[in-house]
Structure formats: C-alpha cells, structure tokens
$ cat work-v4.tsv   # TSV, C-alpha atoms
chain	number	residue	atom	x	y	z
A	1	MET	CA	143.02	-4.89	169.37
A	2	SER	CA	145.03	-1.90	168.18
A	3	MET	CA	144.42	1.35	170.03
A	4	PRO	CA	144.88	5.03	169.25
A	5	PRO	CA	147.85	6.53	171.11
A	6	ILE	CA	147.27	7.29	174.78
A	7	ARG	CA	148.96	9.90	176.92
A	8	GLN	CA	151.34	8.91	179.71
A	9	GLN	CA	149.53	6.54	182.04
A	10	THR	CA	149.16	6.78	185.78
A	11	ALA	CA	148.65	3.97	188.23
A	12	GLY	CA	145.74	1.61	187.78
A	13	PRO	CA	143.54	0.13	190.54
A	14	ALA	CA	145.84	-2.85	191.26
A	15	SER	CA	149.04	-0.82	191.58
A	16	LEU	CA	147.23	1.77	193.69
A	17	THR	CA	146.25	-0.96	196.12
A	18	LEU	CA	149.85	-2.19	196.34
A	19	GLN	CA	151.13	1.35	196.95
A	20	LYS	CA	148.42	1.92	199.57
A	21	ASN	CA	149.34	-1.28	201.42
A	22	ASP	CA	153.03	-0.33	201.34
A	23	LEU	CA	152.34	3.14	202.74
A	24	GLU	CA	150.10	1.79	205.49
A	25	LYS	CA	152.82	-0.66	206.51
A	26	SER	CA	155.45	2.10	206.54
A	27	ILE	CA	153.20	4.36	208.63
A	28	ALA	CA	152.60	1.57	211.13
A	29	GLU	CA	156.36	0.97	211.46
A	30	LEU	CA	157.04	4.69	211.92
A	31	VAL	CA	154.32	4.95	214.57
A	32	VAL	CA	155.91	2.09	216.54
A	33	GLU	CA	159.32	3.76	216.34
A	34	TYR	CA	157.82	7.13	217.30
A	35	GLU	CA	156.19	5.65	220.41
A	36	ILE	CA	159.49	4.05	221.47
A	37	VAL	CA	161.42	7.30	220.98
A	38	ALA	CA	158.73	9.33	222.75
A	39	ASP	CA	158.84	6.96	225.71
A	40	GLN	CA	162.64	7.20	225.86
A	41	ALA	CA	162.47	11.01	225.69
A	42	ARG	CA	160.08	11.07	228.64
A	43	THR	CA	162.17	8.78	230.84
A	44	THR	CA	165.77	9.74	230.07
A	45	LEU	CA	167.59	11.86	232.64
A	46	ASP	CA	170.42	12.86	230.31
A	47	PRO	CA	169.79	16.35	228.79
A	48	GLY	CA	171.89	15.61	225.70
A	49	SER	CA	170.07	12.36	224.97
A	50	LYS	CA	166.72	14.04	225.57
A	51	THR	CA	167.51	16.73	222.99
A	52	LYS	CA	168.51	14.14	220.38
A	53	LEU	CA	165.38	12.08	221.09
A	54	GLU	CA	163.13	15.14	220.74
A	55	ILE	CA	164.74	15.91	217.38
A	56	ARG	CA	164.17	12.31	216.29
A	57	LYS	CA	160.53	12.55	217.40
A	58	LYS	CA	159.99	15.56	215.16
A	59	GLN	CA	161.66	13.78	212.23
A	60	LEU	CA	159.47	10.71	212.67
A	61	LEU	CA	156.33	12.81	213.02
A	62	SER	CA	157.21	14.68	209.84
A	63	GLN	CA	157.73	11.37	208.00
A	64	ILE	CA	154.40	10.03	209.27
A	65	GLU	CA	152.57	13.17	208.16
A	66	GLU	CA	154.15	13.03	204.70
A	67	LYS	CA	153.23	9.37	204.21
A	68	GLU	CA	149.70	10.07	205.45
A	69	ARG	CA	149.46	12.85	202.87
A	70	LEU	CA	150.59	10.45	200.14
A	71	LEU	CA	148.13	7.84	201.41
A	72	GLY	CA	145.30	10.36	201.27
A	73	ALA	CA	146.22	11.26	197.69
A	74	LEU	CA	146.24	7.58	196.71
A	75	GLU	CA	142.85	7.00	198.31
A	76	GLN	CA	141.44	9.99	196.45
A	77	GLN	CA	142.86	8.69	193.18
A	78	LYS	CA	141.32	5.28	193.84
A	79	GLN	CA	137.95	6.89	194.59
A	80	ASN	CA	138.17	8.80	191.32
A	81	ILE	CA	138.84	5.56	189.45
A	82	ASN	CA	135.91	3.86	191.17
A	83	ARG	CA	133.64	6.77	190.26
A	84	HIS	CA	134.75	6.58	186.63
A	85	ILE	CA	134.15	2.82	186.55
A	86	LEU	CA	130.70	3.31	188.07
A	87	SER	CA	129.95	5.99	185.48
A	88	PHE	CA	130.98	3.61	182.70
A	89	ASP	CA	128.76	0.82	184.03
A	90	GLU	CA	125.82	3.20	184.37
A	91	ALA	CA	126.33	4.72	180.93
A	92	LEU	CA	126.82	1.54	178.90
A	93	PRO	CA	123.11	0.55	178.77
A	94	LYS	CA	122.45	3.86	177.00
A	95	ILE	CA	124.56	2.96	173.96
A	96	ASP	CA	121.66	1.62	171.93
A	97	PHE	CA	118.42	-0.30	172.46
A	98	ARG	CA	116.58	2.73	171.09
A	99	GLU	CA	113.65	0.67	169.81
A	100	ALA	CA	113.65	-1.50	172.92
A	101	ARG	CA	113.70	1.51	175.22
A	102	ARG	CA	110.94	3.16	173.18
A	103	ILE	CA	108.75	0.10	173.70
A	104	ILE	CA	109.54	-0.07	177.41
A	105	HIS	CA	108.82	3.63	177.91
A	106	ARG	CA	105.55	3.35	176.03
A	107	VAL	CA	104.34	0.41	178.12
A	108	VAL	CA	105.46	1.98	181.39
A	109	ASP	CA	103.78	5.25	180.39
A	110	ASP	CA	100.56	3.34	179.74
A	111	LEU	CA	100.79	1.76	183.18
A	112	GLN	CA	101.33	5.20	184.66
A	113	ILE	CA	98.29	6.61	182.86
A	114	ASN	CA	96.20	3.65	184.01
A	115	GLU	CA	97.49	4.06	187.58
A	116	GLY	CA	99.10	0.65	187.68
A	117	GLY	CA	98.93	-2.66	185.90
A	118	ALA	CA	101.06	-5.49	184.58
A	119	ALA	CA	103.37	-6.31	181.68
A	120	LEU	CA	105.07	-9.50	180.51
A	121	PHE	CA	108.27	-8.95	178.53
A	122	LEU	CA	110.38	-11.47	176.62
A	123	LEU	CA	114.07	-11.13	175.72
A	124	GLN	CA	115.52	-13.65	173.27
A	125	GLN	CA	119.22	-14.27	172.55
A	126	SER	CA	119.97	-12.23	175.64
A	127	ARG	CA	123.53	-13.38	176.30
A	128	ARG	CA	124.72	-12.84	172.73
A	129	MET	CA	122.96	-9.49	172.39
A	130	ALA	CA	123.91	-8.01	175.80
A	131	GLY	CA	120.41	-8.34	177.18
A	132	ASP	CA	121.71	-7.72	180.70
A	133	LEU	CA	122.35	-4.10	179.69
A	134	LEU	CA	118.75	-3.73	178.58
A	135	LEU	CA	117.61	-5.13	181.93
A	136	LEU	CA	119.61	-2.36	183.61
A	137	ALA	CA	117.90	0.18	181.37
A	138	LEU	CA	114.52	-1.33	182.28
A	139	SER	CA	115.38	-1.01	185.97
A	140	ASP	CA	116.20	2.68	185.48
A	141	VAL	CA	112.86	3.30	183.77
A	142	LEU	CA	110.90	1.45	186.45
A	143	SER	CA	112.72	3.30	189.25
A	144	SER	CA	112.02	6.75	187.84
A	145	GLY	CA	109.76	8.71	190.16
A	146	ARG	CA	108.78	5.69	192.24
A	147	ALA	CA	110.02	3.48	195.03
A	148	THR	CA	112.83	1.08	194.13
A	149	PRO	CA	111.38	-2.02	192.44
A	150	ILE	CA	111.32	-5.29	194.37
A	151	TYR	CA	112.99	-8.06	192.36
A	152	TYR	CA	112.07	-11.73	192.48
A	153	GLU	CA	114.82	-13.43	190.50
A	154	VAL	CA	114.12	-16.99	189.38
A	155	ALA	CA	117.02	-18.77	187.68
A	156	PHE	CA	116.28	-22.03	185.91
A	157	SER	CA	119.13	-24.52	186.05
A	158	PRO	CA	119.10	-28.32	186.20
A	159	ALA	CA	122.42	-28.09	188.06
A	160	THR	CA	120.89	-26.13	190.94
A	161	GLY	CA	117.41	-27.51	191.31
A	162	GLY	CA	115.46	-27.82	188.09
A	163	ALA	CA	113.61	-25.89	185.43
A	164	ASP	CA	109.91	-26.58	185.74
A	165	GLN	CA	106.69	-25.44	187.40
A	166	ALA	CA	107.73	-26.65	190.85
A	167	THR	CA	111.09	-24.86	190.60
A	168	PHE	CA	109.38	-21.61	189.65
A	169	LEU	CA	106.91	-21.82	192.53
A	170	LYS	CA	109.61	-22.81	195.01
A	171	SER	CA	111.67	-19.75	194.12
A	172	MET	CA	108.66	-17.45	194.32
A	173	GLY	CA	107.66	-19.03	197.63
A	174	ARG	CA	111.04	-18.22	199.16
A	175	TYR	CA	110.65	-14.55	198.28
A	176	LEU	CA	107.08	-14.35	199.52
A	177	GLY	CA	107.50	-16.47	202.64
A	178	VAL	CA	105.02	-19.07	201.41
A	179	GLU	CA	105.31	-22.66	202.59
A	180	LEU	CA	104.45	-24.87	199.64
A	181	THR	CA	102.54	-28.13	199.48
A	182	ASP	CA	102.93	-30.87	196.89
A	183	ASP	CA	99.87	-29.61	195.01
A	184	LEU	CA	100.88	-27.23	192.20
A	185	SER	CA	97.36	-25.87	191.76
A	186	ILE	CA	97.14	-24.90	195.43
A	187	ASP	CA	100.67	-23.51	195.52
A	188	VAL	CA	100.30	-21.31	192.45
A	189	SER	CA	97.05	-19.89	193.81
A	190	VAL	CA	98.66	-19.05	197.16
A	191	ILE	CA	101.65	-17.46	195.41
A	192	ARG	CA	99.40	-15.22	193.31
A	193	THR	CA	97.27	-14.17	196.26
A	194	THR	CA	100.27	-13.50	198.50
A	195	LEU	CA	102.03	-11.44	195.85
A	196	CYS	CA	98.97	-9.29	195.21
A	197	GLY	CA	98.34	-8.93	198.93
A	198	ALA	CA	101.83	-7.50	199.43
A	199	LEU	CA	101.36	-4.67	196.92
A	200	ARG	CA	100.89	-1.12	198.14
A	201	GLU	CA	100.82	2.39	196.66
A	202	HIS	CA	103.56	2.84	194.03
A	203	SER	CA	104.79	-0.73	194.54
A	204	THR	CA	106.65	-2.29	191.63
A	205	VAL	CA	107.42	-6.00	191.65
A	206	VAL	CA	109.67	-7.40	188.92
A	207	ILE	CA	109.69	-11.17	188.41
A	208	GLN	CA	112.82	-11.94	186.41
A	209	LEU	CA	112.99	-15.48	185.04
A	210	THR	CA	116.44	-16.14	183.60
A	211	ASN	CA	118.01	-19.04	181.71
A	212	TRP	CA	114.74	-20.08	180.12
A	213	ASP	CA	116.72	-22.40	177.83
A	214	ALA	CA	117.38	-24.77	180.74
A	215	VAL	CA	113.74	-25.86	180.41
A	216	GLY	CA	114.72	-27.96	177.40
A	217	ARG	CA	113.34	-27.43	173.93
A	218	GLN	CA	110.89	-30.31	174.27
A	219	ASN	CA	109.35	-28.75	177.40
A	220	GLN	CA	109.15	-25.08	176.44
A	221	HIS	CA	105.65	-25.16	174.99
A	222	GLU	CA	104.12	-26.87	178.02
A	223	LEU	CA	105.85	-24.65	180.59
A	224	MET	CA	105.16	-21.41	178.73
A	225	GLN	CA	101.50	-22.36	178.44
A	226	TRP	CA	101.38	-23.13	182.16
A	227	LEU	CA	103.09	-19.87	183.10
A	228	LEU	CA	100.61	-17.91	181.04
A	229	GLU	CA	97.36	-19.72	181.74
A	230	THR	CA	97.93	-20.85	185.32
A	231	PHE	CA	100.19	-18.18	186.78
A	232	TRP	CA	100.32	-14.95	184.82
A	233	GLN	CA	96.85	-14.42	183.40
A	234	PRO	CA	95.07	-15.26	186.69
A	235	LEU	CA	97.58	-12.96	188.43
A	236	VAL	CA	96.64	-10.12	186.08
A	237	ASP	CA	92.98	-10.76	186.88
A	238	GLU	CA	93.64	-10.65	190.64
A	239	LEU	CA	95.70	-7.50	190.20
A	240	GLU	CA	92.59	-5.70	188.95
A	241	TYR	CA	91.17	-5.83	192.48
A	242	VAL	CA	94.43	-4.46	193.92
A	243	LEU	CA	94.33	-1.55	191.47
A	244	GLU	CA	91.00	-0.44	192.89
A	245	GLU	CA	92.93	0.59	196.00
A	246	TRP	CA	96.61	0.91	195.06
A	247	ASN	CA	98.67	2.25	192.14
A	248	ALA	CA	100.90	-0.81	191.75
A	249	ARG	CA	102.77	-2.59	188.97
A	250	VAL	CA	103.86	-6.17	188.37
A	251	ILE	CA	106.42	-6.77	185.62
A	252	PHE	CA	107.36	-10.27	184.47
A	253	VAL	CA	110.50	-10.65	182.34
A	254	ILE	CA	111.41	-13.96	180.71
A	255	VAL	CA	115.04	-14.04	179.58
A	256	ALA	CA	116.10	-16.60	176.96
A	257	ASN	CA	119.60	-16.98	175.54
A	258	ARG	CA	118.32	-18.65	172.37
A	259	PRO	CA	115.19	-18.16	170.26
A	260	LEU	CA	112.07	-19.85	171.60
A	261	THR	CA	111.05	-23.12	170.01
A	262	GLU	CA	108.72	-22.90	167.03
A	263	ASP	CA	105.76	-24.44	168.87
A	264	CYS	CA	106.32	-21.99	171.71
A	265	ARG	CA	106.34	-19.04	169.30
A	266	LYS	CA	103.06	-20.28	167.80
A	267	LEU	CA	101.20	-19.97	171.09
A	268	PRO	CA	98.37	-17.41	170.75
A	269	CYS	CA	99.83	-15.30	173.51
A	270	PHE	CA	102.00	-12.64	171.86
A	271	CYS	CA	101.13	-9.00	171.36
A	272	THR	CA	102.71	-5.89	169.89
A	273	VAL	CA	103.29	-2.56	171.57
A	274	ASP	CA	100.60	-1.02	169.36
A	275	ALA	CA	98.11	-3.63	170.55
A	276	PHE	CA	99.55	-4.10	174.02
A	277	ASN	CA	97.75	-6.59	176.24
A	278	SER	CA	98.98	-7.19	179.78
A	279	ARG	CA	97.79	-10.81	179.59
A	280	SER	CA	100.08	-11.50	176.60
A	281	ILE	CA	103.83	-11.59	175.93
A	282	LEU	CA	105.51	-8.53	174.46
A	283	GLU	CA	108.94	-9.23	173.00
A	284	ILE	CA	111.58	-6.56	173.53
A	285	PRO	CA	113.88	-6.61	170.48
A	286	LEU	CA	117.63	-6.88	170.96
A	287	THR	CA	119.43	-5.60	167.87
A	288	HIS	CA	123.00	-5.16	166.63
A	289	TRP	CA	124.63	-1.82	167.35
A	290	THR	CA	125.61	0.51	164.51
A	291	GLU	CA	128.69	2.63	163.98
A	292	LYS	CA	126.53	5.69	164.57
A	293	ASP	CA	125.32	4.27	167.89
A	294	ILE	CA	128.92	3.83	169.01
A	295	ARG	CA	129.96	7.29	167.81
A	296	ILE	CA	127.08	9.02	169.61
A	297	TRP	CA	127.80	7.13	172.82
A	298	LEU	CA	131.53	7.89	172.68
A	299	ALA	CA	130.84	11.58	172.13
A	300	SER	CA	128.50	11.63	175.13
A	301	HIS	CA	130.69	9.76	177.60
A	302	PHE	CA	134.36	10.14	176.57
A	303	ARG	CA	136.46	13.29	176.48
A	304	LEU	CA	137.57	12.92	172.87
A	305	SER	CA	137.93	15.16	169.86
A	306	LYS	CA	135.51	14.65	166.97
A	307	PRO	CA	138.14	13.04	164.71
A	308	GLN	CA	139.21	10.68	167.49
A	309	THR	CA	135.60	9.79	168.26
A	310	LYS	CA	134.96	9.02	164.60
A	311	THR	CA	138.14	6.93	164.35
A	312	TRP	CA	137.37	4.91	167.45
A	313	ALA	CA	133.74	4.31	166.46
A	314	LYS	CA	134.73	3.11	162.99
A	315	GLN	CA	137.47	0.86	164.35
A	316	ILE	CA	135.27	-0.67	167.06
A	317	TYR	CA	132.40	-1.28	164.66
A	318	GLU	CA	134.59	-2.89	162.01
A	319	GLU	CA	136.24	-5.15	164.57
A	320	SER	CA	132.92	-6.23	166.11
A	321	ASP	CA	130.57	-6.16	163.10
A	322	GLY	CA	127.97	-4.63	165.42
A	323	ASP	CA	128.01	-7.52	167.90
A	324	PRO	CA	126.97	-5.94	171.25
A	325	ASN	CA	129.22	-8.10	173.42
A	326	LEU	CA	132.30	-7.48	171.27
A	327	ILE	CA	131.56	-3.76	171.25
A	328	ARG	CA	131.10	-3.86	175.00
A	329	GLN	CA	134.52	-5.45	175.49
A	330	ALA	CA	136.18	-3.04	173.07
A	331	LEU	CA	134.68	-0.04	174.86
A	332	GLN	CA	135.85	-1.46	178.19
A	333	ASP	CA	139.39	-1.81	176.82
A	334	TYR	CA	139.38	1.74	175.49
A	335	PHE	CA	137.83	3.04	178.69
A	336	GLU	CA	140.52	1.49	180.88
A	337	GLN	CA	143.24	3.14	178.82
A	338	LEU	CA	141.48	6.49	178.89
A	339	LEU	CA	140.93	6.14	182.62
A	340	ALA	CA	144.63	5.60	183.19
A	341	SER	CA	145.44	8.71	181.16
A	342	GLN	CA	142.83	11.01	182.70
A	343	THR	CA	143.04	10.22	186.43
$ encode --input "work-v4.tsv" --output "structure tokens"
Amino acid sequence: MSMPPIRQQTAGPASLTLQKNDLEKSIAELVVEYEIVADQARTTLDPGSKTKLEIRKKQLLSQIEEKERLLGALEQQKQNINRHILSFDEALPKIDFREARRIIHRVVDDLQINEGGAALFLLQQSRRMAGDLLLLALSDVLSSGRATPIYYEVAFSPATGGADQATFLKSMGRYLGVELTDDLSIDVSVIRTTLCGALREHSTVVIQLTNWDAVGRQNQHELMQWLLETFWQPLVDELEYVLEEWNARVIFVIVANRPLTEDCRKLPCFCTVDAFNSRSILEIPLTHWTEKDIRIWLASHFRLSKPQTKTWAKQIYEESDGDPNLIRQALQDYFEQLLASQT
C-alpha cells in the first residue's frame, strides 16, 4: 500500500522496549560499580585514594541519574504510544455501522423505557464485515449509565467440544454454576431459572454465541428452533416475573460468519426494529463502508489537514472497495505511521 509522506519517525514500541532493556542493564551495572567504589571509599585509609574514590562516586551517581532520566523519558513515550493505540481501538467501532447503531440504540432505549426486558440480535457474515467492531459498539451502548454487563460467551466449535444443544447448555452451566444432568429438558429449565434468579437492579447479561456456522448447515434449522422455542422464548416469559421487582436486561447475540441457511431464514421468528418483539430475532445489518464514512472518521480521529484527509479516504476506499476488514487494516497501517511521527 502506498502512503502519503510522513514526517521523520521516532522509535516504535519494539525499539523502545530494546532501548529500555539496555538502559536498565546499564543502570544495574553502574549501581554495582557505585556500591563497590562507595565501600572502598569508606574503608580506605589513604587520603589520596579516598579523594579519587569520592570523585568516582559522584561521576557514577551522575551517570546513573542521567540514565534514569532517559529511562523515564522512554517509559513516558511508551505510555503515550499505548494510549494512542488504545484510542485507536476504542475509536474504530465508530467508523460506520450507522444503521446498525441506530437499531441498537432504539432497542436499548425501548428496554430503558420499559424498565428492563430482553432482545435477541443476529449478526451474519460477521468475520468478513468486521462484526467484532459492532459488538464493541454494542458493549459501549449497554454499559452507558449502568453497571458493566456480564458476558456469557459460548463458542461453538467441533474441535473444542461440539456445536449443539448440549454444548450450549454446558457452557451456560459453567458460567452459572449449574451441575447438568443428561436430560436436556431438565438442564435448560434449570439454566433459565438460575439465570433469571441471578438478575438484580440494573443487571445486564449478554449471552454471546459465536461461530454459529460450526453447527453445520444441515443442523441449523433444528438448533435455531430449539434455541428459540426451548431456551429463549421461555426465558423471556420467566424474565417478566423478574421485571416486576428488578430493572434488568438479557441480551442474546448470535454471531454467524456466513448467511443462515434458507430453511433457517424461513423460520417464523424474525422481526424488524419497527415491529420489535423480544421473543423474535432482530438482525443487525453489517454493511460496506463508504468513502464518506472513512473521511468523517479520519477527520474526527487523526490530526490531518482537509486535503490530506480527503486524499487518504479516497485512497483507502479505492484500495478496499468498501470492505470493512481491508479498510480496518489500511487504517491501522496509516495509524502506525502517524503514531511514529507524532509521538
């Protein structure tokens, strides 16, 4: 990727670490020498030798202080870099997802008005469309003005234990401290009851089911139907009793890296934000990013002139064709160069 010209660069994180290690080693060596000289100065009986040793002590102390000053400056520079990196990671989810964030805000606002409730979100093609960034944005929205959400992360994977009803319940049971039986109907009931029983005022529980595709296309319809009819919808019903006493929220997010199968999409369980139903699935759209999206984000988070912002946005968009992951990598590349020039 070609880049606009960058000013003279300073040290990056790796070289700063090497310099820091070198300074710490030098300081340690000087301290050892200082202690030896100080001990000799205390014990010598020769006035001439004592004078020379005292002079050497002062020289060593001065060298130690200078290297400690340099070490402090390096540590400050490294902290600045870490803060910039953190700022980049926090800012990136804000680049787009305008429609997705509008939907999330609307649902969360409804839950706030209703003093609690539930929502089931679906993300499709998450990996290709940078769905992880939207999940970060969702976390920010859910954390606003409330206690930090409690996350129950369930990852389907045949390589690590399966992708079926039992796997889901086993993962949930570990979070909730529930000892499962071999009876799925009993286990799912205990999981629902335990989850609802743990909710308190302003509680937010987020169940995040990732790698839905590991279920296998031939099994998606059956498992989705089970999740809805046996787990989620009865959970929403039980939550109604909790809401009589507590303002609490339960959010379920299903993350798929490919589109759902056709028979799964035909299930009568989807809703729109205009006709939101907590018992149904609401898809959160992941869309391509536009040149304008990139330009607005650059202007908000980079110290660039307007012409440079426009040039970078156009170049990044043309190279990526709006693909979120390619744009993400391009912005990271640009950011690292800017970071080196501005720290």
$ closest_atom_pairs --input "work-v4.tsv" --of "range 200-244 of chain A" --to "range 149-165 of chain A" --cutoff "10 Å" --atoms "all atoms listed in the file" --output "Markdown table"
| residue | atom | partner | partner_atom | distance |
| --- | --- | --- | --- | --- |
| A:His202 | CA | A:Pro149 | CA | 9.3 |
| A:Ser203 | CA | A:Pro149 | CA | 7.0 |
| A:Thr204 | CA | A:Pro149 | CA | 4.8 |
| A:Val205 | CA | A:Ile150 | CA | 4.8 |
| A:Val206 | CA | A:Tyr151 | CA | 4.8 |
| A:Ile207 | CA | A:Tyr152 | CA | 4.7 |
| A:Gln208 | CA | A:Glu153 | CA | 4.8 |
| A:Leu209 | CA | A:Val154 | CA | 4.7 |
| A:Thr210 | CA | A:Ala155 | CA | 4.9 |
| A:Asn211 | CA | A:Phe156 | CA | 5.4 |
| A:Trp212 | CA | A:Phe156 | CA | 6.3 |
| A:Asp213 | CA | A:Phe156 | CA | 8.1 |
| A:Ala214 | CA | A:Ser157 | CA | 5.6 |
| A:Val215 | CA | A:Ala163 | CA | 5.0 |
| A:Gly216 | CA | A:Ala163 | CA | 8.4 |
| A:Asn219 | CA | A:Asp164 | CA | 8.6 |
| A:Gln220 | CA | A:Asp164 | CA | 9.5 |
| A:Glu222 | CA | A:Asp164 | CA | 9.7 |
| A:Leu223 | CA | A:Asp164 | CA | 6.8 |
| A:Met224 | CA | A:Gln165 | CA | 9.7 |
| A:Trp226 | CA | A:Gln165 | CA | 7.8 |
| A:Leu227 | CA | A:Gln165 | CA | 7.9 |
| A:Phe231 | CA | A:Gln165 | CA | 9.8 |
$ atom_distance --input "work-v4.tsv" --atom1 "CA of Thr148 in chain A" --atom2 "CA of Ser278 in chain A"
21.6 Å
$ closest_residue --input "work-v4.tsv" --among "A:Tyr241, A:Thr44, A:Glu318, A:Leu286" --to "Gly197 in chain A" --atoms "all atoms listed in the file"
A:Tyr241
$ closest_residue --input "work-v4.tsv" --among "A:Ile191, A:Val107, A:Tyr334, A:Ser144" --to "Glu179 in chain A" --atoms "all atoms listed in the file"
A:Ile191
$ atom_distance --input "work-v4.tsv" --atom1 "CA of Trp297 in chain A" --atom2 "CA of Pro324 in chain A"
13.2 Å
$ residues_around --input "work-v4.tsv" --residues "range 265-273 of chain A" --least-positions-apart "4" --cutoff "10 Å" --atoms "all atoms listed in the file" --output "number ranges by chain"
A: 102-104, 106-107, 120-122, 220-221, 224-225, 228-229, 259-261, 277-284
$ atom_distance --input "work-v4.tsv" --atom1 "CA of Ser185 in chain A" --atom2 "CA of Ala198 in chain A"
20.4 Å
$ closest_residue --input "work-v4.tsv" --among "A:Ala313, A:Ile254, A:Leu176, A:Leu304" --to "Gln124 in chain A" --atoms "all atoms listed in the file"
A:Ile254
$ closest_atom_pairs --input "work-v4.tsv" --of "range 251-309 of chain A" --to "range 130-136 of chain A" --cutoff "12 Å" --atoms "all atoms listed in the file" --output "JSON lines"
{"residue": "A:Ile251", "atom": "CA", "partner": "A:Leu135", "partner_atom": "CA", "distance": 11.9}
{"residue": "A:Phe252", "atom": "CA", "partner": "A:Leu135", "partner_atom": "CA", "distance": 11.7}
{"residue": "A:Val253", "atom": "CA", "partner": "A:Leu135", "partner_atom": "CA", "distance": 9.0}
{"residue": "A:Ile254", "atom": "CA", "partner": "A:Leu135", "partner_atom": "CA", "distance": 10.9}
{"residue": "A:Val255", "atom": "CA", "partner": "A:Gly131", "partner_atom": "CA", "distance": 8.2}
{"residue": "A:Ala256", "atom": "CA", "partner": "A:Gly131", "partner_atom": "CA", "distance": 9.3}
{"residue": "A:Asn257", "atom": "CA", "partner": "A:Gly131", "partner_atom": "CA", "distance": 8.8}
{"residue": "A:Arg258", "atom": "CA", "partner": "A:Gly131", "partner_atom": "CA", "distance": 11.6}
{"residue": "A:Ile284", "atom": "CA", "partner": "A:Leu134", "partner_atom": "CA", "distance": 9.2}
{"residue": "A:Pro285", "atom": "CA", "partner": "A:Gly131", "partner_atom": "CA", "distance": 9.5}
{"residue": "A:Leu286", "atom": "CA", "partner": "A:Gly131", "partner_atom": "CA", "distance": 7.0}
{"residue": "A:Thr287", "atom": "CA", "partner": "A:Ala130", "partner_atom": "CA", "distance": 9.4}
{"residue": "A:His288", "atom": "CA", "partner": "A:Ala130", "partner_atom": "CA", "distance": 9.6}
{"residue": "A:Trp289", "atom": "CA", "partner": "A:Ala130", "partner_atom": "CA", "distance": 10.5}
